[in-house]
>>> print(open('target_4.tsv').read())   # TSV, C-alpha atoms
chain	number	residue	atom	x	y	z
A	1	MET	CA	56.91	142.29	114.36
A	2	ALA	CA	57.62	143.03	118.00
A	3	GLN	CA	61.18	142.61	119.17
A	4	GLN	CA	61.68	139.75	121.64
A	5	VAL	CA	63.62	140.66	124.77
A	6	ARG	CA	65.03	137.59	126.50
A	7	PRO	CA	63.02	136.73	129.65
A	8	VAL	CA	65.12	136.76	132.83
A	9	ALA	CA	63.22	133.71	134.08
A	10	GLY	CA	65.04	131.49	131.60
A	11	VAL	CA	68.54	132.71	132.55
A	12	ALA	CA	70.86	131.19	135.18
A	13	VAL	CA	74.35	131.95	136.48
A	14	GLY	CA	76.82	129.98	134.37
A	15	ASP	CA	74.79	130.18	131.14
A	16	VAL	CA	77.14	130.56	128.18
A	17	ILE	CA	76.74	133.12	125.37
A	18	GLY	CA	78.41	132.25	122.08
A	19	PRO	CA	81.16	131.80	121.15
A	20	VAL	CA	80.46	134.20	118.30
A	21	THR	CA	83.12	134.76	115.65
A	22	VAL	CA	83.21	138.31	114.25
A	23	PRO	CA	85.21	139.01	111.09
A	24	VAL	CA	87.19	142.27	110.86
A	25	GLY	CA	88.75	143.66	107.68
A	26	ARG	CA	90.45	146.90	106.77
A	27	GLU	CA	87.14	148.09	105.26
A	28	THR	CA	85.46	147.45	108.64
A	29	LEU	CA	87.93	149.84	110.27
A	30	VAL	CA	87.52	152.52	107.57
A	31	ARG	CA	83.77	152.37	108.17
A	32	TYR	CA	84.22	152.46	111.96
A	33	ALA	CA	86.62	155.41	111.71
A	34	ALA	CA	84.00	157.43	109.82
A	35	ALA	CA	81.17	156.49	112.16
A	36	SER	CA	83.12	157.14	115.36
A	37	LEU	CA	85.14	160.16	114.14
A	38	ASP	CA	88.36	158.34	115.18
A	39	GLY	CA	90.54	158.85	112.13
A	40	ASN	CA	93.85	157.75	113.70
A	41	PRO	CA	95.88	156.34	110.74
A	42	ILE	CA	97.20	153.39	112.80
A	43	HIS	CA	93.74	151.89	112.19
A	44	GLN	CA	93.77	152.34	108.41
A	45	ASP	CA	97.24	152.86	106.99
A	46	GLU	CA	99.67	149.94	107.12
A	47	GLY	CA	102.71	152.08	106.28
A	48	PHE	CA	101.89	154.54	109.04
A	49	ALA	CA	101.20	151.76	111.56
A	50	ARG	CA	104.60	150.18	110.85
A	51	SER	CA	106.33	153.57	111.03
A	52	VAL	CA	105.22	153.92	114.66
A	53	GLY	CA	106.40	150.44	115.59
A	54	LEU	CA	103.19	148.43	115.20
A	55	PRO	CA	103.33	145.06	113.41
A	56	ASP	CA	100.46	146.05	111.07
A	57	VAL	CA	97.16	147.96	111.08
A	58	ILE	CA	95.36	147.47	114.41
A	59	ALA	CA	91.64	147.68	115.10
A	60	HIS	CA	90.28	150.54	117.18
A	61	GLY	CA	89.88	149.21	120.71
A	62	MET	CA	86.45	150.81	120.59
A	63	TRP	CA	85.58	148.85	117.43
A	64	THR	CA	86.33	145.63	119.30
A	65	MET	CA	84.27	146.80	122.26
A	66	GLY	CA	81.47	147.76	119.89
A	67	ALA	CA	81.52	144.33	118.24
A	68	VAL	CA	81.26	142.72	121.70
A	69	GLY	CA	78.37	145.09	122.45
A	70	THR	CA	76.58	143.72	119.38
A	71	VAL	CA	76.94	140.15	120.67
A	72	VAL	CA	75.62	141.15	124.10
A	73	ALA	CA	72.73	143.17	122.62
A	74	ASP	CA	71.74	140.31	120.30
A	75	TRP	CA	71.66	137.93	123.26
A	76	ALA	CA	69.50	140.35	125.29
A	77	GLY	CA	67.21	140.86	122.29
A	78	ASP	CA	67.33	144.70	122.23
A	79	ALA	CA	70.42	146.95	122.24
A	80	GLY	CA	68.64	149.36	124.61
A	81	ARG	CA	68.76	146.65	127.26
A	82	VAL	CA	72.55	146.98	127.66
A	83	VAL	CA	72.71	149.30	130.68
A	84	GLU	CA	76.36	148.94	131.76
A	85	PHE	CA	79.35	147.95	129.68
A	86	GLY	CA	83.04	148.23	130.43
A	87	THR	CA	86.42	146.86	129.44
A	88	ARG	CA	90.16	147.21	129.55
A	89	PHE	CA	92.08	147.22	126.29
A	90	THR	CA	94.92	144.79	126.90
A	91	LYS	CA	96.21	143.74	123.47
A	92	PRO	CA	95.62	145.12	119.97
A	93	VAL	CA	93.68	143.19	117.32
A	94	ILE	CA	95.99	142.98	114.30
A	95	VAL	CA	94.19	143.46	110.98
A	96	PRO	CA	96.35	142.37	108.03
A	97	ALA	CA	95.23	143.02	104.44
A	98	GLY	CA	93.45	139.66	104.42
A	99	GLY	CA	91.48	140.46	107.58
A	100	ASN	CA	91.20	138.74	110.94
A	101	GLU	CA	88.62	137.45	113.39
A	102	VAL	CA	87.58	138.19	116.96
A	103	VAL	CA	85.90	135.52	119.07
A	104	VAL	CA	83.46	136.62	121.77
A	105	GLU	CA	82.23	134.34	124.54
A	106	GLY	CA	80.16	135.32	127.57
A	107	VAL	CA	79.18	133.70	130.85
A	108	VAL	CA	76.28	134.89	133.01
A	109	SER	CA	77.79	135.98	136.33
A	110	SER	CA	74.72	137.26	138.18
A	111	VAL	CA	70.95	137.20	137.86
A	112	ASP	CA	68.49	139.46	139.71
A	113	THR	CA	65.04	138.19	138.82
A	114	GLY	CA	63.36	141.13	140.58
A	115	SER	CA	64.95	143.87	138.45
A	116	GLY	CA	65.78	141.69	135.45
A	117	ARG	CA	69.43	142.77	135.71
A	118	VAL	CA	71.86	140.13	134.51
A	119	GLY	CA	75.66	140.40	134.72
A	120	ILE	CA	77.80	138.95	131.94
A	121	ASP	CA	81.56	138.35	131.97
A	122	LEU	CA	83.06	138.36	128.50
A	123	THR	CA	86.15	136.72	127.07
A	124	VAL	CA	87.36	138.21	123.81
A	125	THR	CA	90.21	136.68	121.84
A	126	SER	CA	91.92	137.10	118.48
A	127	GLY	CA	94.35	134.48	117.18
A	128	GLY	CA	93.86	132.61	120.46
A	129	GLU	CA	95.04	135.54	122.61
A	130	LYS	CA	92.90	137.67	124.90
A	131	VAL	CA	92.52	141.20	123.56
A	132	LEU	CA	90.22	142.65	126.23
A	133	GLY	CA	90.49	142.43	130.02
A	134	ARG	CA	87.79	142.65	132.66
A	135	CYS	CA	85.17	142.96	129.94
A	136	ALA	CA	81.72	142.87	131.53
A	137	ALA	CA	78.18	144.03	130.85
A	138	VAL	CA	74.91	144.37	132.69
A	139	VAL	CA	71.71	143.87	130.71
A	140	ARG	CA	68.16	144.46	131.87
A	141	LEU	CA	66.03	141.57	130.62
A	142	ALA	CA	62.25	141.26	130.46
B	1	MET	CA	106.22	168.42	128.97
B	2	PRO	CA	104.88	165.99	131.56
B	3	VAL	CA	101.16	165.48	132.17
B	4	ASN	CA	99.95	168.32	134.38
B	5	THR	CA	98.48	166.81	137.56
B	6	ASP	CA	96.91	170.17	138.49
B	7	TYR	CA	94.09	169.28	136.08
B	8	GLN	CA	92.81	166.51	138.37
B	9	GLY	CA	89.32	167.40	139.59
B	10	ARG	CA	88.70	169.93	136.83
B	11	GLU	CA	85.19	170.24	135.42
B	12	TYR	CA	84.69	171.84	132.02
B	13	PRO	CA	81.74	173.96	130.87
B	14	PRO	CA	79.13	171.92	128.96
B	15	SER	CA	79.90	171.00	125.32
B	16	GLY	CA	77.38	170.60	122.54
B	17	PRO	CA	74.60	170.26	121.78
B	18	PHE	CA	75.47	167.23	119.66
B	19	ALA	CA	72.55	166.39	117.39
B	20	VAL	CA	72.08	162.61	117.12
B	21	ASP	CA	70.64	161.77	113.71
B	22	ALA	CA	69.34	158.46	112.41
B	23	ALA	CA	72.06	158.22	109.74
B	24	THR	CA	74.82	158.38	112.37
B	25	ILE	CA	73.16	155.62	114.39
B	26	MET	CA	72.70	153.42	111.31
B	27	GLU	CA	76.30	153.91	110.13
B	28	PHE	CA	77.71	153.20	113.58
B	29	ALA	CA	75.53	150.10	114.02
B	30	ALA	CA	76.66	148.76	110.64
B	31	ALA	CA	80.30	149.41	111.56
B	32	VAL	CA	80.02	147.28	114.71
B	33	GLY	CA	78.20	144.53	112.82
B	34	SER	CA	74.75	145.04	114.33
B	35	THR	CA	71.58	144.09	112.47
B	36	ASP	CA	69.32	144.86	115.47
B	37	PRO	CA	66.18	146.57	114.07
B	38	MET	CA	66.31	148.96	117.06
B	39	HIS	CA	69.06	150.78	115.10
B	40	HIS	CA	67.29	151.16	111.75
B	41	ASP	CA	63.55	150.44	112.07
B	42	ALA	CA	61.76	153.34	113.76
B	43	GLU	CA	58.51	151.40	113.89
B	44	ALA	CA	60.14	148.47	115.71
B	45	ALA	CA	61.89	150.90	118.07
B	46	ARG	CA	58.60	152.64	118.88
B	47	ALA	CA	56.91	149.27	119.45
B	48	ALA	CA	59.66	148.56	122.01
B	49	GLY	CA	58.88	151.82	123.80
B	50	TYR	CA	61.55	154.14	122.38
B	51	ALA	CA	60.86	157.54	120.80
B	52	ASP	CA	62.83	156.61	117.65
B	53	ILE	CA	65.73	154.34	116.67
B	54	ILE	CA	68.34	153.97	119.41
B	55	ALA	CA	72.13	153.85	119.38
B	56	PRO	CA	74.37	150.82	119.94
B	57	PRO	CA	75.80	150.76	123.48
B	58	THR	CA	79.18	152.25	122.46
B	59	LEU	CA	78.09	155.16	120.22
B	60	ALA	CA	78.38	157.46	123.25
B	61	VAL	CA	82.15	157.45	122.72
B	62	ARG	CA	81.68	159.60	119.60
B	63	TYR	CA	80.30	162.41	121.76
B	64	ALA	CA	82.46	161.77	124.83
B	65	GLN	CA	85.65	162.05	122.78
B	66	GLN	CA	84.51	165.37	121.35
B	67	CYS	CA	84.14	166.57	124.95
B	68	ASP	CA	87.56	165.12	125.86
B	69	ALA	CA	89.15	167.17	123.08
B	70	GLN	CA	88.96	170.41	125.07
B	71	TYR	CA	91.15	168.82	127.75
B	72	ILE	CA	93.46	166.71	125.57
B	73	GLY	CA	93.98	169.58	123.13
B	74	ASP	CA	94.90	172.06	125.88
B	75	PRO	CA	98.69	172.53	125.65
B	76	ASP	CA	98.90	173.26	129.39
B	77	ALA	CA	97.42	169.81	130.17
B	78	GLY	CA	100.67	168.29	128.86
B	79	ILE	CA	99.11	165.40	126.95
B	80	ASP	CA	101.16	164.31	123.93
B	81	PHE	CA	98.45	162.63	121.86
B	82	SER	CA	101.03	160.63	119.89
B	83	ARG	CA	101.82	158.83	123.16
B	84	VAL	CA	98.22	158.14	124.14
B	85	VAL	CA	96.78	154.63	124.33
B	86	HIS	CA	93.15	153.95	125.29
B	87	GLY	CA	93.39	151.84	128.44
B	88	GLU	CA	89.87	151.41	129.72
B	89	GLN	CA	86.30	152.41	128.86
B	90	THR	CA	83.00	152.10	130.71
B	91	PHE	CA	79.47	153.22	129.86
B	92	VAL	CA	76.50	153.46	132.18
B	93	HIS	CA	73.33	154.10	130.21
B	94	HIS	CA	70.59	155.94	132.06
B	95	ARG	CA	68.50	155.60	128.91
B	96	PRO	CA	69.49	154.72	125.32
B	97	ILE	CA	70.80	157.49	123.09
B	98	THR	CA	67.93	158.06	120.64
B	99	ALA	CA	67.70	159.63	117.18
B	100	GLY	CA	66.57	163.22	117.59
B	101	ASP	CA	68.47	163.68	120.84
B	102	GLU	CA	70.52	166.81	121.34
B	103	LEU	CA	73.19	165.82	123.80
B	104	ILE	CA	75.09	168.08	126.15
B	105	GLY	CA	78.35	166.70	127.55
B	106	THR	CA	80.04	167.80	130.75
B	107	LEU	CA	83.63	166.68	131.03
B	108	HIS	CA	85.34	165.93	134.34
B	109	VAL	CA	89.01	165.04	134.81
B	110	ASP	CA	88.55	162.57	137.66
B	111	THR	CA	92.06	161.27	138.31
B	112	ILE	CA	95.60	161.69	137.02
B	113	ARG	CA	97.88	158.98	138.35
B	114	MET	CA	101.57	158.57	137.61
B	115	ALA	CA	102.80	154.96	137.49
B	116	GLY	CA	106.12	153.66	136.18
B	117	GLY	CA	106.84	156.78	134.16
B	118	HIS	CA	103.40	156.72	132.51
B	119	ALA	CA	100.36	158.81	133.34
B	120	MET	CA	96.93	157.21	133.71
B	121	VAL	CA	94.25	159.81	133.15
B	122	THR	CA	90.60	159.05	133.85
B	123	THR	CA	88.01	161.38	132.38
B	124	ARG	CA	84.25	161.18	132.78
B	125	THR	CA	81.68	162.69	130.45
B	126	GLU	CA	78.13	163.08	131.70
B	127	LEU	CA	75.82	163.18	128.68
B	128	SER	CA	72.37	164.60	129.18
B	129	ASP	CA	69.59	165.81	126.92
B	130	LEU	CA	68.32	169.38	126.58
B	131	THR	CA	65.80	168.84	129.40
B	132	GLY	CA	68.69	167.96	131.71
B	133	GLU	CA	67.75	164.26	131.89
B	134	ALA	CA	70.84	162.06	132.34
B	135	VAL	CA	71.47	159.88	129.26
B	136	CYS	CA	74.90	158.26	129.64
B	137	THR	CA	77.97	158.36	131.86
B	138	SER	CA	81.10	157.57	129.86
B	139	VAL	CA	84.34	156.94	131.77
B	140	SER	CA	87.59	156.63	129.86
B	141	THR	CA	91.12	155.94	131.05
B	142	ILE	CA	93.97	156.85	128.75
B	143	VAL	CA	97.58	155.93	129.27
B	144	VAL	CA	100.10	158.60	128.28
B	145	ARG	CA	103.39	156.78	127.82
B	146	GLY	CA	106.38	158.51	129.32
B	147	GLY	CA	109.39	159.57	127.25
B	148	GLU	CA	112.35	157.21	127.02
>>> encode(input="target_4.tsv", output="structure tokens")
Amino acid sequence: MAQQVRPVAGVAVGDVIGPVTVPVGRETLVRYAAASLDGNPIHQDEGFARSVGLPDVIAHGMWTMGAVGTVVADWAGDAGRVVEFGTRFTKPVIVPAGGNEVVVEGVVSSVDTGSGRVGIDLTVTSGGEKVLGRCAAVVRLA
Amino acid sequence: MPVNTDYQGREYPPSGPFAVDAATIMEFAAAVGSTDPMHHDAEAARAAGYADIIAPPTLAVRYAQQCDAQYIGDPDAGIDFSRVVHGEQTFVHHRPITAGDELIGTLHVDTIRMAGGHAMVTTRTELSDLTGEAVCTSVSTIVVRGGE
């Protein structure tokens, strides 16, 4: 079955993406550490995280960005359509033994029907607090 | 030792090649919660015009950070990794990273800025394939917290 890329013709500035709630557990971070080669123990070992002054294990900022990338790619209909993607890491996502959640919401900020390029501003929160700043993507739609 | 501002503007010799295999793409996609067939179904990826399965938009960091290591691990650069926090990250994809790629990364130290006792270091890795075609520009800003 052919993958369906979202047509730019149906997209307008102000369109809302999500909110999408993404669960994150310690096992998510162990898996991300292996896949990304970022083995920093603050993302896996509660005792180590506390020993360096953190309240608990924290997610890799890049895991959070990656999870947002998944939401954006799903909306576009093909991960290869995400052409620009950037963020600031403003607050850690705390991952206690019981896990946590990240909530991703996007708003279309620009639409260029000629090139199919669509800008998206993203708001990413955990426990009601923003964890990313100036998070934005550009996707190239059909 | 403070962060050495003499490194601003430095360009490193190319790193790699980093072979991108399908298993790495699939593991990374699963870790960021993606079920997009572009990451695991080669037939679907080819139908969409790609040579093979493609990477999620943030996999490039795996290769960019390996390029960064030659700078961050250089004792003369003065970067105490235990004081490093990732501040900012941007990717510009010239084309998706694709299974079968062999990526070459060229690391640039773009800016080193001191602010409030901390150093903000922005590095840029230009990833290209073996033919020299640009694949991804990854820009990372780390904050090196100053000593108390």
>>> interface_residues(input="target_4.tsv", of="chain A", to="chain B", cutoff="7 Å", atoms="only C-alpha atoms", output="ChimeraX atom specification")
/A:2-3,28,31-32,35-37,63,66-67,69-70,78-80,82-89
>>> atom_distance(input="target_4.tsv", atom1="CA of Val109 in chain B", atom2="CA of Phe81 in chain B")
16.2 Å
>>> residues_around(input="target_4.tsv", residues="Thr125 in chain A", least_positions_apart="3", cutoff="12 Å", atoms="only C-alpha atoms", output="PDB file with C-alpha atoms, in the coordinates of the input")
ATOM      1  CA  PRO A  19      81.160 131.800 121.150  1.00  0.00           C
ATOM      2  CA  VAL A  20      80.460 134.200 118.300  1.00  0.00           C
ATOM      3  CA  THR A  21      83.120 134.760 115.650  1.00  0.00           C
ATOM      4  CA  VAL A  22      83.210 138.310 114.250  1.00  0.00           C
ATOM      5  CA  THR A  64      86.330 145.630 119.300  1.00  0.00           C
ATOM      6  CA  MET A  65      84.270 146.800 122.260  1.00  0.00           C
ATOM      7  CA  VAL A  68      81.260 142.720 121.700  1.00  0.00           C
ATOM      8  CA  PHE A  89      92.080 147.220 126.290  1.00  0.00           C
ATOM      9  CA  THR A  90      94.920 144.790 126.900  1.00  0.00           C
ATOM     10  CA  LYS A  91      96.210 143.740 123.470  1.00  0.00           C
ATOM     11  CA  PRO A  92      95.620 145.120 119.970  1.00  0.00           C
ATOM     12  CA  VAL A  93      93.680 143.190 117.320  1.00  0.00           C
ATOM     13  CA  ILE A  94      95.990 142.980 114.300  1.00  0.00           C
ATOM     14  CA  ASN A 100      91.200 138.740 110.940  1.00  0.00           C
ATOM     15  CA  GLU A 101      88.620 137.450 113.390  1.00  0.00           C
ATOM     16  CA  VAL A 102      87.580 138.190 116.960  1.00  0.00           C
ATOM     17  CA  VAL A 103      85.900 135.520 119.070  1.00  0.00           C
ATOM     18  CA  VAL A 104      83.460 136.620 121.770  1.00  0.00           C
ATOM     19  CA  GLU A 105      82.230 134.340 124.540  1.00  0.00           C
ATOM     20  CA  GLY A 106      80.160 135.320 127.570  1.00  0.00           C
ATOM     21  CA  LEU A 122      83.060 138.360 128.500  1.00  0.00           C
ATOM     22  CA  GLY A 128      93.860 132.610 120.460  1.00  0.00           C
ATOM     23  CA  GLU A 129      95.040 135.540 122.610  1.00  0.00           C
ATOM     24  CA  LYS A 130      92.900 137.670 124.900  1.00  0.00           C
ATOM     25  CA  VAL A 131      92.520 141.200 123.560  1.00  0.00           C
ATOM     26  CA  LEU A 132      90.220 142.650 126.230  1.00  0.00           C
ATOM     27  CA  GLY A 133      90.490 142.430 130.020  1.00  0.00           C
ATOM     28  CA  CYS A 135      85.170 142.960 129.940  1.00  0.00           C
TER      29      CYS A 135
END
>>> residues_near_point(input="target_4.tsv", point="(80.5, 140.7, 135.5)", cutoff="8 Å", atoms="only C-alpha atoms", output="MDAnalysis selection string")
chainID A and resid 108:110 119:122 135:138
>>> write_last_selection(input="target_4.tsv", atoms="C-alpha atoms", output="compact mmCIF listing (two decimals), keeping the file's coordinate frame")
# COMPACT_ATOMS: atom_id res chain seq x y z
CA VAL A 108 76.28 134.89 133.01
CA SER A 109 77.79 135.98 136.33
CA SER A 110 74.72 137.26 138.18
CA GLY A 119 75.66 140.40 134.72
CA ILE A 120 77.80 138.95 131.94
CA ASP A 121 81.56 138.35 131.97
CA LEU A 122 83.06 138.36 128.50
CA CYS A 135 85.17 142.96 129.94
CA ALA A 136 81.72 142.87 131.53
CA ALA A 137 78.18 144.03 130.85
CA VAL A 138 74.91 144.37 132.69
>>> axis_aligned_box(input="target_4.tsv", around="range 113-117 of chain B", padding_each_side="5 Å", output="JSON")
{"center_x": 102.4, "center_y": 156.3, "center_z": 136.3, "size_x": 19.0, "size_y": 15.3, "size_z": 14.2}
>>> atom_distance(input="target_4.tsv", atom1="CA of Gly105 in chain B", atom2="CA of Ala64 in chain B")
7.0 Å
>>> residues_around(input="target_4.tsv", residues="Gly100 in chain B", least_positions_apart="4", cutoff="8 Å", atoms="only C-alpha atoms", output="PyMOL selection string")
chain B and resi 19-22+52
>>> closest_residue(input="target_4.tsv", among="A:Arg6, A:Ala97, A:Ser115, A:Arg81", to="Glu27 in chain A", atoms="all atoms listed in the file")
A:Ala97
>>> closest_residue(input="target_4.tsv", among="B:Cys67, B:Val135, B:Ile142, B:Leu127", to="Thr111 in chain B", atoms="only C-alpha atoms")
B:Ile142
>>> atom_distance(input="target_4.tsv", atom1="CA of Ile104 in chain B", atom2="CA of Pro17 in chain B")
4.9 Å
>>> closest_residue(input="target_4.tsv", among="B:Gly49, B:Gly117, B:Gly146, B:Gly78", to="Val3 in chain B", atoms="all atoms listed in the file")
B:Gly78
>>> residues_near_point(input="target_4.tsv", point="(94.8, 155.1, 113.5)", cutoff="9 Å", atoms="only C-alpha atoms", output="list in words")
Ala33, Asp38, Gly39, Asn40, Pro41, Ile42, His43, Gln44, Asp45, Phe48, Ala49, Val57, Ile58, Ala59 and His60 of chain A
>>> build_atoms(input="target_4.tsv", residues="range 36-55 of chain A", atoms="N, CA and C atoms", output="PDB file, keeping the file's coordinate frame")
ATOM      1  N   SER A  36      82.744 156.765 113.992  1.00  0.00           N
ATOM      2  CA  SER A  36      83.120 157.140 115.360  1.00  0.00           C
ATOM      3  C   SER A  36      83.874 158.463 115.418  1.00  0.00           C
ATOM      4  N   LEU A  37      84.303 158.955 114.260  1.00  0.00           N
ATOM      5  CA  LEU A  37      85.140 160.160 114.140  1.00  0.00           C
ATOM      6  C   LEU A  37      86.553 159.930 114.668  1.00  0.00           C
ATOM      7  N   ASP A  38      86.985 158.648 114.768  1.00  0.00           N
ATOM      8  CA  ASP A  38      88.360 158.340 115.180  1.00  0.00           C
ATOM      9  C   ASP A  38      89.174 158.000 113.933  1.00  0.00           C
ATOM     10  N   GLY A  39      89.819 159.021 113.393  1.00  0.00           N
ATOM     11  CA  GLY A  39      90.540 158.850 112.130  1.00  0.00           C
ATOM     12  C   GLY A  39      92.017 158.549 112.290  1.00  0.00           C
ATOM     13  N   ASN A  40      92.436 158.065 113.475  1.00  0.00           N
ATOM     14  CA  ASN A  40      93.850 157.750 113.700  1.00  0.00           C
ATOM     15  C   ASN A  40      94.347 156.786 112.613  1.00  0.00           C
ATOM     16  N   PRO A  41      95.427 157.178 111.872  1.00  0.00           N
ATOM     17  CA  PRO A  41      95.880 156.340 110.740  1.00  0.00           C
ATOM     18  C   PRO A  41      96.421 154.970 111.148  1.00  0.00           C
ATOM     19  N   ILE A  42      96.735 154.739 112.409  1.00  0.00           N
ATOM     20  CA  ILE A  42      97.200 153.390 112.800  1.00  0.00           C
ATOM     21  C   ILE A  42      96.110 152.348 112.574  1.00  0.00           C
ATOM     22  N   HIS A  43      94.856 152.815 112.409  1.00  0.00           N
ATOM     23  CA  HIS A  43      93.740 151.890 112.190  1.00  0.00           C
ATOM     24  C   HIS A  43      93.391 151.716 110.719  1.00  0.00           C
ATOM     25  N   GLN A  44      94.135 152.404 109.828  1.00  0.00           N
ATOM     26  CA  GLN A  44      93.770 152.340 108.410  1.00  0.00           C
ATOM     27  C   GLN A  44      94.972 152.188 107.483  1.00  0.00           C
ATOM     28  N   ASP A  45      96.115 152.713 107.904  1.00  0.00           N
ATOM     29  CA  ASP A  45      97.240 152.860 106.990  1.00  0.00           C
ATOM     30  C   ASP A  45      98.407 151.985 107.475  1.00  0.00           C
ATOM     31  N   GLU A  46      98.655 150.917 106.714  1.00  0.00           N
ATOM     32  CA  GLU A  46      99.670 149.940 107.120  1.00  0.00           C
ATOM     33  C   GLU A  46     101.058 150.575 107.233  1.00  0.00           C
ATOM     34  N   GLY A  47     101.395 151.432 106.261  1.00  0.00           N
ATOM     35  CA  GLY A  47     102.710 152.080 106.280  1.00  0.00           C
ATOM     36  C   GLY A  47     102.874 152.947 107.512  1.00  0.00           C
ATOM     37  N   PHE A  48     101.817 153.684 107.850  1.00  0.00           N
ATOM     38  CA  PHE A  48     101.890 154.540 109.040  1.00  0.00           C
ATOM     39  C   PHE A  48     101.991 153.693 110.299  1.00  0.00           C
ATOM     40  N   ALA A  49     101.177 152.619 110.370  1.00  0.00           N
ATOM     41  CA  ALA A  49     101.200 151.760 111.560  1.00  0.00           C
ATOM     42  C   ALA A  49     102.605 151.205 111.788  1.00  0.00           C
ATOM     43  N   ARG A  50     103.247 150.739 110.712  1.00  0.00           N
ATOM     44  CA  ARG A  50     104.600 150.180 110.850  1.00  0.00           C
ATOM     45  C   ARG A  50     105.607 151.260 111.232  1.00  0.00           C
ATOM     46  N   SER A  51     105.373 152.486 110.744  1.00  0.00           N
ATOM     47  CA  SER A  51     106.330 153.570 111.030  1.00  0.00           C
ATOM     48  C   SER A  51     106.322 153.956 112.507  1.00  0.00           C
ATOM     49  N   VAL A  52     105.245 153.620 113.229  1.00  0.00           N
ATOM     50  CA  VAL A  52     105.220 153.920 114.660  1.00  0.00           C
ATOM     51  C   VAL A  52     105.435 152.657 115.498  1.00  0.00           C
ATOM     52  N   GLY A  53     105.964 151.614 114.842  1.00  0.00           N
ATOM     53  CA  GLY A  53     106.400 150.440 115.590  1.00  0.00           C
ATOM     54  C   GLY A  53     105.362 149.346 115.760  1.00  0.00           C
ATOM     55  N   LEU A  54     104.211 149.485 115.107  1.00  0.00           N
ATOM     56  CA  LEU A  54     103.190 148.430 115.200  1.00  0.00           C
ATOM     57  C   LEU A  54     103.481 147.362 114.136  1.00  0.00           C
ATOM     58  N   PRO A  55     103.064 146.117 114.388  1.00  0.00           N
ATOM     59  CA  PRO A  55     103.330 145.060 113.410  1.00  0.00           C
ATOM     60  C   PRO A  55     102.500 145.197 112.128  1.00  0.00           C
TER      61      PRO A  55
END
